[in-house]
Structures are given as structure tokens and as C-alpha cells.
Amino acid sequence: MRALVRSIPSTFADAITTQPKSAPIDVARARTQHGRYVEALAAAGAEVVRLPADDRFPDGCFVEDCAIVAKGTALITRPGAESRRDEVAAVRDALASLRVEHTAAPATLDGGDCMRVGGRFYVGVTARTNEAGITRVREVFGETMAIPLTDVLHLKCVCSPIADDAILLAEGTIPRERFAGLRVIDVPREEADAANAVAIGRTLLIAAGCPRTERRLRDEGFDTIAVDTSEIRKADGALTCLSVLF
Ligand code: CIR
């Protein structure tokens, strides 16, 4: 498994965010945390492919939003935030060994809204991803379930796949019936950050500071690596958004 990542630009403090600006982003600290994230990917067994930062794109390290990869195909997205649209070019080039598909206006689509669990696709309808974006996912990958969301940036802020038939889901967010047929592992409200995990085989990168979820996942037979992304969270980022697995 390869993991595409992109370094943190020196303009990262200008990234889009809904967090209070009272605690400004410390770019050096974000870079240190990103470095540890990359180390964790490698420790979990991924071969890391790193794109250089581009200062024109403060949000460019969030590569997940630029491409959805499955079944040997990379669907290049059309990010919902206009300032992020041109981030996709470098990601497209990095994935050129796959079959490449594109997304055109009026569709908007962020990879953070797309969750693949085994062969199933769930896509959040959010401020970033519209119905035409979901139609595009369906055209390229087949059956896709739309999940309307409010008050959430991306679908994968509150849930993420950990196996071909199992997901983590933050308590009190999406009704679990939406995921009929899957094993749903609840993440307690006070550890909601842990709902966004990166699965590399049976190893999970999970947010640091979530001991209950970590214990639960170990009991389920997973290995876990806790990763601190406190500085990256100030730009509304989490763990999945920092890589594209292919
Ligand atoms: C944005 O608002 O687009 C970035 N600041 C955060 C993107 C996070 N991406 C993700 O969760 N997939």
C-alpha cells in the first residue's frame, strides 16, 4: 500500500478554518506533527510518496480532498472550496500510474466526504460536496449512498473505515442505521476526534488522547499508533485528510 502525502506549506497559517483564530497556527509545530504522521504511516507498513509543498495552497497538505482512489482508478475531485481547486493538478500527476477520471462543474466533490468500506461508497452531501459530485462518484465507482449532513465539514470528520466491513462512528452524529450491513464501532462523544482513523491493514493511526477508543480497538485485534494532530486540527484537519492511500 502506498500513501501519498504533501508537505505543509509555509502559508499553512492561512488555511481555511472554522476554529477560533484566538490560537493561531504554529507552522513549525504543524510540520513536526506532520512528520510524525508520515513516520506512523511508514511504521504501519505504507510506502510513503511525498509531494513538495506549494505555498500558493495553504490547504494543500490535505491531499485526501483531491482524489478518491479505488479499484485501480483515481477520481480527481473538484474541491468545494474555490481556493483549493488547483491543488488537484499535482495530485493527479502523482497518481498518473492509475486510470485517471476527472470531475467537472457544476459538480463539487471533496475526498473527505467520500468513505469507501470494502466495495461500498458513502458520500456526504455537505457545503463542499453537492449532488452532482455524488453522481460523479456513482458513475465512476458504482453504487453510492448519499448521506446528507449539516454542521460537519466532511463525512469523515465523524466516521471512517477500519476494515472492509467495519467503521468507526462518533456517537450522536449519523444514525447507525445508515450503515446497515456494516459493523459499527461507536466512538464516545468525549473522544470524537478518534472517529477519524487511517487504516493500513490491521494497523490504525488514531488521534492521540483517546484512550477508551484505543483500548476498544486493541481489544478488537487492531494495532494502534496514536498521532498528535492538535496543530493541524486548528485548520480543521484530522488524520485521513493528510493522505491518499493507493
Ligand atoms: C479545508 O477547510 O478545506 C481545510 N482547512 C481542511 C480540510 C480537511 N480535509 C479533510 O478532512 N478531508
# chains A, B, ... in the order shown; residues from 1 in each chain; ligands from 1

$ residues_near_ligand --ligand "ligand 1" --cutoff "8 Å" --atoms "only C-alpha atoms and all ligand atoms" --output "number ranges by chain"
A: 15-18, 59, 62-65, 81, 84, 110-113, 153-154, 156-157, 235-242

$ write_last_selection --atoms "C-alpha atoms" --output "compact mmCIF listing (two decimals), in the first residue's frame"
# COMPACT_ATOMS: atom_id res chain seq x y z
CA ALA A 15 -5.59 27.63 5.76
CA ILE A 16 -9.39 27.72 5.77
CA THR A 17 -10.77 27.11 9.23
CA THR A 18 -13.88 27.26 11.35
CA ASP A 59 -4.59 23.79 2.49
CA PHE A 62 -4.97 17.90 2.88
CA VAL A 63 -4.48 15.70 -0.18
CA GLU A 64 -7.39 13.42 0.66
CA ASP A 65 -9.76 16.05 -0.69
CA ALA A 81 -13.63 25.50 -1.74
CA ARG A 84 -8.44 24.67 -3.29
CA ASP A 110 -14.13 16.69 -1.59
CA GLY A 111 -12.44 13.37 -0.91
CA GLY A 112 -13.07 13.92 2.80
CA ASP A 113 -16.76 13.40 2.07
CA LEU A 153 -17.19 19.88 7.36
CA HIS A 154 -16.82 16.40 5.86
CA LYS A 156 -15.14 11.50 7.51
CA CYS A 157 -14.97 14.03 10.36
CA ALA A 235 -7.02 24.16 10.24
CA ASP A 236 -9.95 21.69 10.56
CA GLY A 237 -7.67 18.81 9.55
CA ALA A 238 -7.56 15.32 11.01
CA LEU A 239 -5.75 12.10 10.08
CA THR A 240 -7.38 10.76 6.92
CA CYS A 241 -7.20 14.15 5.20
CA LEU A 242 -3.40 14.10 5.20

$ residues_around --residues "Glu87 of chain A" --least-positions-apart "3" --cutoff "8 Å" --atoms "only C-alpha atoms" --output "ChimeraX atom specification"
/A:57,60,66,84,90-91

$ write_last_selection --atoms "N, CA, C and O atoms" --output "compact mmCIF listing (two decimals), in the first residue's frame"
# COMPACT_ATOMS: atom_id res chain seq x y z
N PHE A 57 -0.97 27.17 -2.01
CA PHE A 57 -2.11 26.41 -1.49
C PHE A 57 -1.95 26.15 0.01
O PHE A 57 -1.38 25.13 0.42
N GLY A 60 -2.98 22.77 1.00
CA GLY A 60 -2.51 21.72 0.08
C GLY A 60 -2.11 20.40 0.73
O GLY A 60 -2.12 19.36 0.08
N CYS A 66 -8.43 15.78 -2.72
CA CYS A 66 -8.16 15.96 -4.16
C CYS A 66 -8.40 14.71 -5.00
O CYS A 66 -8.45 14.81 -6.24
N ARG A 84 -9.12 25.96 -3.30
CA ARG A 84 -8.44 24.67 -3.29
C ARG A 84 -8.49 23.96 -4.65
O ARG A 84 -7.87 22.90 -4.83
N ALA A 90 -1.20 18.61 -8.98
CA ALA A 90 -0.04 17.84 -8.53
C ALA A 90 -0.45 16.44 -8.07
O ALA A 90 0.28 15.46 -8.28
N VAL A 91 -1.63 16.35 -7.48
CA VAL A 91 -2.11 15.05 -7.00
C VAL A 91 -2.41 14.14 -8.21
O VAL A 91 -2.06 12.96 -8.24

$ residues_around --residues "segment 148-151 of chain A" --least-positions-apart "2" --cutoff "9 Å" --atoms "only C-alpha atoms" --output "compact mmCIF listing (two decimals) with C-alpha atoms, in the first residue's frame"
# COMPACT_ATOMS: atom_id res chain seq x y z
CA VAL A 123 -20.69 10.24 0.25
CA GLY A 124 -21.68 13.18 2.44
CA VAL A 125 -23.77 15.98 0.97
CA THR A 126 -22.13 18.99 2.58
CA ALA A 127 -21.16 22.58 1.86
CA ALA A 146 -25.67 9.77 -0.22
CA LEU A 153 -17.19 19.88 7.36
CA HIS A 154 -16.82 16.40 5.86
CA LEU A 155 -18.40 12.97 6.26
CA ILE A 174 -25.12 9.90 11.95

$ closest_residue --among "A:Asp93, A:Asp165, A:Asp14, A:Asp223" --to "Val198 of chain A" --atoms "only C-alpha atoms"
A:Asp223

$ select_by_dssp --residues "segment 116-245 of chain A" --states "strand (DSSP E or B)" --output "PyMOL selection string"
chain A and resi 116-117+120-125+144-148+159-163+166-170+183-187+198-200+203-207+223-227+244-245

$ write_last_selection --atoms "C-alpha atoms" --output "compact mmCIF listing (two decimals), in the first residue's frame"
# COMPACT_ATOMS: atom_id res chain seq x y z
CA ARG A 116 -15.24 3.54 0.87
CA VAL A 117 -15.89 0.48 3.00
CA ARG A 120 -19.46 0.26 -0.75
CA PHE A 121 -19.34 4.03 -1.12
CA TYR A 122 -20.92 6.58 1.18
CA VAL A 123 -20.69 10.24 0.25
CA GLY A 124 -21.68 13.18 2.44
CA VAL A 125 -23.77 15.98 0.97
CA THR A 144 -23.03 5.04 -3.80
CA MET A 145 -25.11 6.05 -0.79
CA ALA A 146 -25.67 9.77 -0.22
CA ILE A 147 -25.61 10.96 3.39
CA PRO A 148 -26.97 14.48 3.93
CA CYS A 159 -16.76 8.26 10.70
CA SER A 160 -14.06 6.28 8.92
CA PRO A 161 -13.47 2.76 7.60
CA ILE A 162 -11.26 0.41 9.61
CA ALA A 163 -11.87 -2.81 7.67
CA ALA A 166 -16.39 -2.08 9.73
CA ILE A 167 -16.33 1.62 10.56
CA LEU A 168 -15.76 3.92 13.49
CA LEU A 169 -18.67 6.30 14.12
CA ALA A 170 -18.78 9.23 16.53
CA ARG A 183 -20.09 -3.40 11.86
CA VAL A 184 -20.22 -0.01 13.56
CA ILE A 185 -17.87 0.70 16.45
CA ASP A 186 -19.06 3.67 18.50
CA VAL A 187 -16.63 6.37 19.47
CA VAL A 198 -6.36 5.79 8.97
CA ALA A 199 -6.34 2.03 8.42
CA ILE A 200 -3.28 0.37 6.92
CA THR A 203 -2.88 -1.06 11.99
CA LEU A 204 -4.82 2.09 12.77
CA LEU A 205 -3.46 5.60 13.13
CA ILE A 206 -5.74 7.26 15.65
CA ALA A 207 -5.90 10.66 17.31
CA ASP A 223 -2.66 -2.42 16.41
CA THR A 224 -2.89 1.30 17.04
CA ILE A 225 -0.50 4.21 16.66
CA ALA A 226 -1.58 7.42 18.40
CA VAL A 227 -0.74 10.56 16.43
CA VAL A 244 -4.41 9.30 -0.17
CA LEU A 245 -3.93 5.53 0.06

$ closest_residue --among "A:Ile76, A:Val100, A:Ala192, A:Leu4" --to "Ser243 of chain A" --atoms "only C-alpha atoms"
A:Leu4
